[in-house]
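Content type compact mmCIF, C-alpha atoms, from the file protein_28.txt:
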```txt
# COMPACT_ATOMS: atom_id res chain seq x y z
CA MET A 283 14.70 -1.73 -0.13
CA VAL A 284 13.17 -0.27 -3.27
CA VAL A 285 15.68 2.59 -3.18
CA VAL A 286 18.58 0.19 -2.67
CA LEU A 287 17.43 -2.15 -5.45
CA ALA A 288 16.39 0.61 -7.88
CA GLU A 289 19.65 0.26 -9.79
CA CYS A 290 18.60 -3.31 -10.69
CA ALA A 291 15.23 -2.18 -12.06
CA PRO A 292 14.50 -0.99 -15.59
CA LYS A 293 15.39 2.67 -16.09
CA SER A 294 11.75 3.41 -16.92
CA ILE A 295 10.61 2.73 -13.34
CA ASP A 296 9.06 5.72 -11.58
CA LEU A 297 10.93 5.43 -8.28
CA PRO A 298 9.06 8.22 -6.42
CA ARG A 299 5.75 6.58 -7.39
CA VAL A 300 6.91 3.18 -6.15
CA VAL A 301 8.13 4.67 -2.86
CA LYS A 302 4.78 6.44 -2.43
CA MET A 303 2.93 3.15 -3.07
CA LEU A 304 4.99 1.35 -0.45
CA LEU A 305 4.47 4.08 2.14
CA ILE A 306 0.71 4.13 1.53
CA HIS A 307 0.60 0.34 1.86
CA ASP A 308 2.48 0.60 5.17
CA ILE A 309 0.03 3.20 6.50
CA VAL A 310 -2.85 0.85 5.71
CA GLU A 311 -1.03 -2.02 7.45
CA VAL A 312 -0.45 0.13 10.53
CA ASP A 313 -4.22 0.45 10.82
CA ALA A 314 -5.12 -3.09 9.73
CA GLY A 315 -2.25 -4.91 11.36
CA ASP A 316 0.30 -7.00 9.51
CA ARG A 317 0.36 -10.74 9.04
CA PHE A 318 3.15 -13.26 9.03
CA ILE A 319 4.05 -13.82 5.38
CA TYR A 320 3.77 -17.62 5.59
CA ASP A 321 0.37 -17.61 7.34
CA SER A 322 -1.84 -18.49 4.38
CA THR A 323 -4.96 -18.88 6.52
CA SER A 324 -4.99 -15.20 7.46
CA LYS A 325 -4.42 -13.95 3.91
CA ARG A 326 -8.14 -13.48 3.18
CA GLN A 327 -8.74 -11.83 6.55
CA GLN A 328 -5.82 -9.48 5.95
CA PHE A 329 -7.30 -8.28 2.66
CA GLU A 330 -10.62 -7.61 4.42
CA ARG A 331 -8.91 -5.77 7.29
CA GLU A 332 -6.90 -3.67 4.84
CA THR A 333 -10.04 -2.84 2.86
CA VAL A 334 -11.72 -1.63 6.06
CA ALA A 335 -8.61 0.43 6.88
CA VAL A 336 -8.61 2.04 3.42
CA GLU A 337 -12.29 2.92 3.77
CA ARG A 338 -11.63 4.43 7.19
CA ILE A 339 -8.39 6.33 6.50
CA PHE A 340 -8.76 7.81 3.03
CA PRO A 341 -12.03 9.71 3.62
CA LEU A 342 -10.16 11.69 6.29
CA LEU A 343 -8.02 13.22 3.53
CA PRO A 344 -8.86 15.95 1.04
CA ALA A 345 -10.76 14.45 -1.91
CA ALA A 346 -7.93 14.76 -4.46
CA ALA A 347 -5.39 13.16 -2.12
CA ALA A 348 -7.82 10.39 -1.18
CA THR A 349 -8.47 9.58 -4.84
CA GLU A 350 -4.76 9.51 -5.70
CA LEU A 351 -3.74 7.43 -2.70
CA ARG A 352 -6.64 4.99 -3.07
CA GLY A 353 -5.56 4.43 -6.69
CA LEU A 354 -1.97 3.83 -5.66
CA CYS A 355 -3.09 1.43 -2.96
CA LEU A 356 -5.21 -0.56 -5.40
CA GLU A 357 -2.40 -0.58 -7.97
CA PHE A 358 -0.02 -1.90 -5.33
CA GLU A 359 -2.37 -4.75 -4.45
```

Take the structure in the file and give it back as structure tokens.
Amino acid sequence: MVVVLAECAPKSIDLPRVVKMLLIHDIVEVDAGDRFIYDSTSKRQQFERETVAVERIFPLLPAAAATELRGLCLEFE
């Protein structure tokens, strides 16, 4: 959707960076599981599960990639 809606965004948006953030977020959700958007009771648990997933996945990467992707993930959140 970000690619489709990019024309509505300010021209200063860094589209490749946003796409990368969304893909990283999806990788974390694949590991942590996703939650139904209207389920407010699981919101806190989801953050904890995603934090565990980040701590498990990113150390598997080369240090520079792990640092970059962890930063993008935190920025997304």

I'd like the contact shell of stretch 308-322 of chain A - 10 Å cut-off, all atoms listed in the file, skipping same-chain residues fewer than 4 positions apart - returned as a PyMOL selection string. chain A and resi 302-304+326-340+355

Dump C-alpha atoms for the selected residues as a PDB file, keeping the file's coordinate frame?
```
ATOM      1  CA  LYS A 302       4.780   6.440  -2.430  1.00  0.00           C
ATOM      2  CA  MET A 303       2.930   3.150  -3.070  1.00  0.00           C
ATOM      3  CA  LEU A 304       4.990   1.350  -0.450  1.00  0.00           C
ATOM      4  CA  ARG A 326      -8.140 -13.480   3.180  1.00  0.00           C
ATOM      5  CA  GLN A 327      -8.740 -11.830   6.550  1.00  0.00           C
ATOM      6  CA  GLN A 328      -5.820  -9.480   5.950  1.00  0.00           C
ATOM      7  CA  PHE A 329      -7.300  -8.280   2.660  1.00  0.00           C
ATOM      8  CA  GLU A 330     -10.620  -7.610   4.420  1.00  0.00           C
ATOM      9  CA  ARG A 331      -8.910  -5.770   7.290  1.00  0.00           C
ATOM     10  CA  GLU A 332      -6.900  -3.670   4.840  1.00  0.00           C
ATOM     11  CA  THR A 333     -10.040  -2.840   2.860  1.00  0.00           C
ATOM     12  CA  VAL A 334     -11.720  -1.630   6.060  1.00  0.00           C
ATOM     13  CA  ALA A 335      -8.610   0.430   6.880  1.00  0.00           C
ATOM     14  CA  VAL A 336      -8.610   2.040   3.420  1.00  0.00           C
ATOM     15  CA  GLU A 337     -12.290   2.920   3.770  1.00  0.00           C
ATOM     16  CA  ARG A 338     -11.630   4.430   7.190  1.00  0.00           C
ATOM     17  CA  ILE A 339      -8.390   6.330   6.500  1.00  0.00           C
ATOM     18  CA  PHE A 340      -8.760   7.810   3.030  1.00  0.00           C
ATOM     19  CA  CYS A 355      -3.090   1.430  -2.960  1.00  0.00           C
TER      20      CYS A 355
END
```

Report, as lines of an AutoDock Vina configuration file, the centre and edge lengths in Å (one decimal) of the axis-aligned box enclosing every listed atom of stretch 285-304 of chain A, padded by 3 Å on each side.
```
center_x = 11.3
center_y = 2.5
center_z = -8.7
size_x = 22.7
size_y = 17.5
size_z = 22.5
```

Between A:Met283, A:Cys290, A:Pro341, A:Gly353, which has the minimum distance to A:His307 (counting only C-alpha atoms)?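 Comparing A:Met283, A:Cys290, A:Pro341, A:Gly353 against A:His307, the winner is A:Gly353.
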
Point-to-point distance in Å for atom CA of A:Leu305 and atom CA of A:Arg352: 12.3 Å

Using all atoms listed in the file, give me every residue within 12 Å of (12.5, -1.1, -7.4) in file coordinates, as a list in words.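 I get Met283, Val284, Val285, Val286, Leu287, Ala288, Glu289, Cys290, Ala291, Pro292, Lys293, Ser294, Ile295, Asp296, Leu297, Pro298, Arg299, Val300, Val301, Lys302, Met303 and Leu304 of chain A for the residues within 12 Å of that point.
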